[in-house]
Amino acid sequence: MVKINNIEIECVKGDITEQKDIDVIVNAANKYLSPGGGVAGAIHKKAGPLLYEECKKYAPINTGEAVITKGYNLPNPYVIHTVGPVYSEEKNPAEKLTLCFKNSLKLADNKGLKSIAFPAISTGIFGYPVEEASEVSIKAVLETIPELKSIKLIRFVLFDEKTYSIFAQKLEELTKKNERKS
Ligand code: AR6
């Protein structure tokens, strides 16, 4: 765990649908906001069918955009749905992945929420190499932190040991650089 501008950032290994102490979890969605597989499948399964009913009102959305819904049967009051880039199809996947994090953080913050959990967006079905994605994702979070007023905890929830250790190491590396700069 690191603390920057009074905001905690941490990496944990686990399942995004089991983050009981978090106000809003982020879904790595597709642009139709339909259940699909991976994180999206797990979130919709646990939330129940009313989640997709609400999602239909906002779909389709573009890559990098984010919308917020209720959490229904999830332990979290809210879910933010954002669409990560398909790595092989985007000219600038880093720009789009950065937008996913920035837009999700600002949406949660504007709603006055205090804690948010992200999965490793785009690193599954969308094929973004984990090492690259970890750097882009964590940098996006660090760059957005000065704009946040309400959020106090940002958690990355990584499903497997390898992804967890890459994100945890990258967080340490990038925040050390931050400290040296200031
Ligand atoms: N909790 C946390 N992380 C998870 C979980 C979970 N329950 N399940 C998988 N992961 P992916 P994408 C990890 O494929 O690449 C869907 O069908 C997984 O190991 O869920 O953005 C959507 O509808 C990987 O590291 O998201 C879209 O069509 C990471 O979460 C498409 O997949 C992201 O994997 C989105 O693809």
# chains A, B, ... in the order shown; residues from 1 in each chain; ligands from 1
>>> residues_near_ligand(ligand="ligand 1", cutoff="7 Å", atoms="only C-alpha atoms and all ligand atoms", output="PyMOL selection string")
chain A and resi 14-17+28-30+33-42+83-84+119-128+157-160+163
>>> residues_around(residues="Ile151 in chain A", least_positions_apart="6", cutoff="9 Å", atoms="only C-alpha atoms", output="mmCIF file with N, CA and C atoms, in the first residue's frame")
data_model
loop_
_atom_site.group_PDB
_atom_site.id
_atom_site.type_symbol
_atom_site.label_atom_id
_atom_site.label_comp_id
_atom_site.auth_asym_id
_atom_site.auth_seq_id
_atom_site.Cartn_x
_atom_site.Cartn_y
_atom_site.Cartn_z
ATOM 1 N N ILE A 7 -4.467 9.644 -0.416
ATOM 2 C CA ILE A 7 -5.244 8.580 -1.054
ATOM 3 C C ILE A 7 -4.416 7.291 -1.032
ATOM 4 N N LEU A 105 -12.382 7.076 -12.480
ATOM 5 C CA LEU A 105 -12.047 7.751 -11.217
ATOM 6 C C LEU A 105 -12.848 9.043 -11.061
ATOM 7 N N ALA A 108 -16.585 8.294 -10.281
ATOM 8 C CA ALA A 108 -16.765 7.884 -8.877
ATOM 9 C C ALA A 108 -16.589 9.079 -7.946
ATOM 10 N N ASP A 109 -15.610 9.896 -8.219
ATOM 11 C CA ASP A 109 -15.322 11.052 -7.369
ATOM 12 C C ASP A 109 -16.465 12.066 -7.430
ATOM 13 N N GLY A 112 -19.205 11.400 -5.218
ATOM 14 C CA GLY A 112 -18.897 11.491 -3.785
ATOM 15 C C GLY A 112 -18.493 10.167 -3.162
ATOM 16 N N LEU A 113 -18.079 9.202 -3.994
ATOM 17 C CA LEU A 113 -17.698 7.887 -3.458
ATOM 18 C C LEU A 113 -16.276 7.938 -2.903
ATOM 19 N N LYS A 114 -16.009 7.025 -1.952
ATOM 20 C CA LYS A 114 -14.727 7.077 -1.243
ATOM 21 C C LYS A 114 -13.753 5.988 -1.656
ATOM 22 N N SER A 115 -14.277 4.869 -2.185
ATOM 23 C CA SER A 115 -13.367 3.767 -2.519
ATOM 24 C C SER A 115 -13.776 3.125 -3.838
ATOM 25 N N ILE A 116 -12.751 2.697 -4.601
ATOM 26 C CA ILE A 116 -12.991 2.136 -5.938
ATOM 27 C C ILE A 116 -12.016 0.984 -6.175
ATOM 28 N N ILE A 145 -4.922 11.442 -9.569
ATOM 29 C CA ILE A 145 -5.041 11.679 -8.123
ATOM 30 C C ILE A 145 -5.161 13.165 -7.731
#
>>> atom_distance(atom1="CA of Val141 in chain A", atom2="CA of Lys102 in chain A")
6.8 Å
>>> residues_around(residues="Lys111 in chain A", least_positions_apart="4", cutoff="9 Å", atoms="only C-alpha atoms", output="list in words")
Lys106, Leu107 and Ser150 of chain A
>>> write_last_selection(atoms="N, CA, C and O atoms", output="compact mmCIF listing (two decimals), in the first residue's frame")
# COMPACT_ATOMS: atom_id res chain seq x y z
N LYS A 106 -12.95 9.81 -12.14
CA LYS A 106 -13.68 11.09 -12.06
C LYS A 106 -15.17 10.86 -11.84
O LYS A 106 -15.81 11.59 -11.09
N LEU A 107 -15.71 9.83 -12.47
CA LEU A 107 -17.13 9.51 -12.31
C LEU A 107 -17.42 9.13 -10.84
O LEU A 107 -18.39 9.62 -10.24
N SER A 150 -12.95 13.25 -3.34
CA SER A 150 -13.74 12.38 -2.47
C SER A 150 -13.07 11.01 -2.26
O SER A 150 -13.09 10.47 -1.14
>>> residues_around(residues="range 60-75 of chain A", least_positions_apart="6", cutoff="6 Å", atoms="only C-alpha atoms", output="list of chain:residue names")
A:Lys20, A:Lys31, A:Tyr32, A:Lys46, A:Ala47, A:His81, A:Thr82, A:Val83, A:Gly84, A:Lys96, A:Leu99, A:Cys100, A:Asn103, A:Ser104
>>> write_last_selection(atoms="N, CA, C and O atoms", output="PDB file, in the first residue's frame")
ATOM      1  N   LYS A  20     -15.987  -6.409  -0.417  1.00  0.00           N
ATOM      2  CA  LYS A  20     -17.131  -5.980   0.403  1.00  0.00           C
ATOM      3  C   LYS A  20     -17.004  -4.559   0.965  1.00  0.00           C
ATOM      4  O   LYS A  20     -17.995  -3.913   1.255  1.00  0.00           O
ATOM      5  N   LYS A  31     -18.563  -2.788 -25.515  1.00  0.00           N
ATOM      6  CA  LYS A  31     -19.290  -1.537 -25.749  1.00  0.00           C
ATOM      7  C   LYS A  31     -20.805  -1.662 -25.676  1.00  0.00           C
ATOM      8  O   LYS A  31     -21.507  -0.677 -25.491  1.00  0.00           O
ATOM      9  N   TYR A  32     -21.316  -2.877 -25.766  1.00  0.00           N
ATOM     10  CA  TYR A  32     -22.771  -3.081 -25.631  1.00  0.00           C
ATOM     11  C   TYR A  32     -23.175  -3.272 -24.169  1.00  0.00           C
ATOM     12  O   TYR A  32     -24.354  -3.421 -23.862  1.00  0.00           O
ATOM     13  N   LYS A  46     -23.042 -12.322 -10.563  1.00  0.00           N
ATOM     14  CA  LYS A  46     -23.275 -12.066  -9.142  1.00  0.00           C
ATOM     15  C   LYS A  46     -24.319 -10.958  -8.926  1.00  0.00           C
ATOM     16  O   LYS A  46     -25.111 -11.013  -7.986  1.00  0.00           O
ATOM     17  N   ALA A  47     -24.310  -9.939  -9.802  1.00  0.00           N
ATOM     18  CA  ALA A  47     -25.249  -8.817  -9.637  1.00  0.00           C
ATOM     19  C   ALA A  47     -26.691  -9.241  -9.923  1.00  0.00           C
ATOM     20  O   ALA A  47     -27.625  -8.722  -9.317  1.00  0.00           O
ATOM     21  N   HIS A  81     -18.877   0.844 -15.519  1.00  0.00           N
ATOM     22  CA  HIS A  81     -18.586   0.013 -16.690  1.00  0.00           C
ATOM     23  C   HIS A  81     -17.735   0.837 -17.640  1.00  0.00           C
ATOM     24  O   HIS A  81     -18.154   1.923 -18.063  1.00  0.00           O
ATOM     25  N   THR A  82     -16.562   0.338 -17.972  1.00  0.00           N
ATOM     26  CA  THR A  82     -15.706   1.034 -18.927  1.00  0.00           C
ATOM     27  C   THR A  82     -15.208   0.028 -19.951  1.00  0.00           C
ATOM     28  O   THR A  82     -15.073  -1.162 -19.630  1.00  0.00           O
ATOM     29  N   VAL A  83     -14.952   0.513 -21.163  1.00  0.00           N
ATOM     30  CA  VAL A  83     -14.534  -0.397 -22.231  1.00  0.00           C
ATOM     31  C   VAL A  83     -13.062  -0.163 -22.545  1.00  0.00           C
ATOM     32  O   VAL A  83     -12.676   0.916 -23.011  1.00  0.00           O
ATOM     33  N   GLY A  84     -12.257  -1.159 -22.260  1.00  0.00           N
ATOM     34  CA  GLY A  84     -10.831  -1.070 -22.551  1.00  0.00           C
ATOM     35  C   GLY A  84     -10.565  -1.286 -24.032  1.00  0.00           C
ATOM     36  O   GLY A  84     -11.422  -1.773 -24.772  1.00  0.00           O
ATOM     37  N   LYS A  96      -6.216   4.986 -24.858  1.00  0.00           N
ATOM     38  CA  LYS A  96      -7.572   4.525 -24.540  1.00  0.00           C
ATOM     39  C   LYS A  96      -7.629   3.902 -23.138  1.00  0.00           C
ATOM     40  O   LYS A  96      -8.575   4.109 -22.392  1.00  0.00           O
ATOM     41  N   LEU A  99      -7.690   6.578 -20.578  1.00  0.00           N
ATOM     42  CA  LEU A  99      -9.028   7.182 -20.466  1.00  0.00           C
ATOM     43  C   LEU A  99      -9.954   6.347 -19.587  1.00  0.00           C
ATOM     44  O   LEU A  99     -10.751   6.900 -18.823  1.00  0.00           O
ATOM     45  N   CYS A 100      -9.861   5.023 -19.697  1.00  0.00           N
ATOM     46  CA  CYS A 100     -10.708   4.140 -18.862  1.00  0.00           C
ATOM     47  C   CYS A 100     -10.516   4.463 -17.386  1.00  0.00           C
ATOM     48  O   CYS A 100     -11.486   4.579 -16.629  1.00  0.00           O
ATOM     49  N   ASN A 103     -11.542   8.375 -16.575  1.00  0.00           N
ATOM     50  CA  ASN A 103     -12.994   8.593 -16.604  1.00  0.00           C
ATOM     51  C   ASN A 103     -13.694   7.870 -15.458  1.00  0.00           C
ATOM     52  O   ASN A 103     -14.628   8.404 -14.859  1.00  0.00           O
ATOM     53  N   SER A 104     -13.238   6.662 -15.127  1.00  0.00           N
ATOM     54  CA  SER A 104     -13.850   5.913 -14.016  1.00  0.00           C
ATOM     55  C   SER A 104     -13.594   6.617 -12.683  1.00  0.00           C
ATOM     56  O   SER A 104     -14.510   6.760 -11.858  1.00  0.00           O
TER      57      SER A 104
END
>>> residues_around(residues="Ala140 in chain A", least_positions_apart="4", cutoff="7 Å", atoms="only C-alpha atoms", output="VMD selection string")
chain A and resid 98 101 to 102 136 144
>>> write_last_selection(atoms="C-alpha atoms", output="PDB file, in the first residue's frame")
ATOM      1  CA  THR A  98      -5.579   5.746 -19.704  1.00  0.00           C
ATOM      2  CA  PHE A 101      -8.983   4.845 -15.557  1.00  0.00           C
ATOM      3  CA  LYS A 102      -9.313   8.639 -15.637  1.00  0.00           C
ATOM      4  CA  VAL A 136      -0.249   2.556 -18.278  1.00  0.00           C
ATOM      5  CA  THR A 144      -5.607  11.620 -11.883  1.00  0.00           C
TER       6      THR A 144
END
>>> atom_distance(atom1="CA of Glu10 in chain A", atom2="CA of Phe156 in chain A")
6.2 Å
>>> select_by_dssp(residues="range 73-133 of chain A", states="helix (DSSP H, G or I)", output="list in words")
Pro93, Ala94, Glu95, Lys96, Leu97, Thr98, Leu99, Cys100, Phe101, Lys102, Asn103, Ser104, Leu105, Lys106, Leu107, Ala108, Asp109, Asn110, Val130, Glu131, Glu132 and Ala133 of chain A
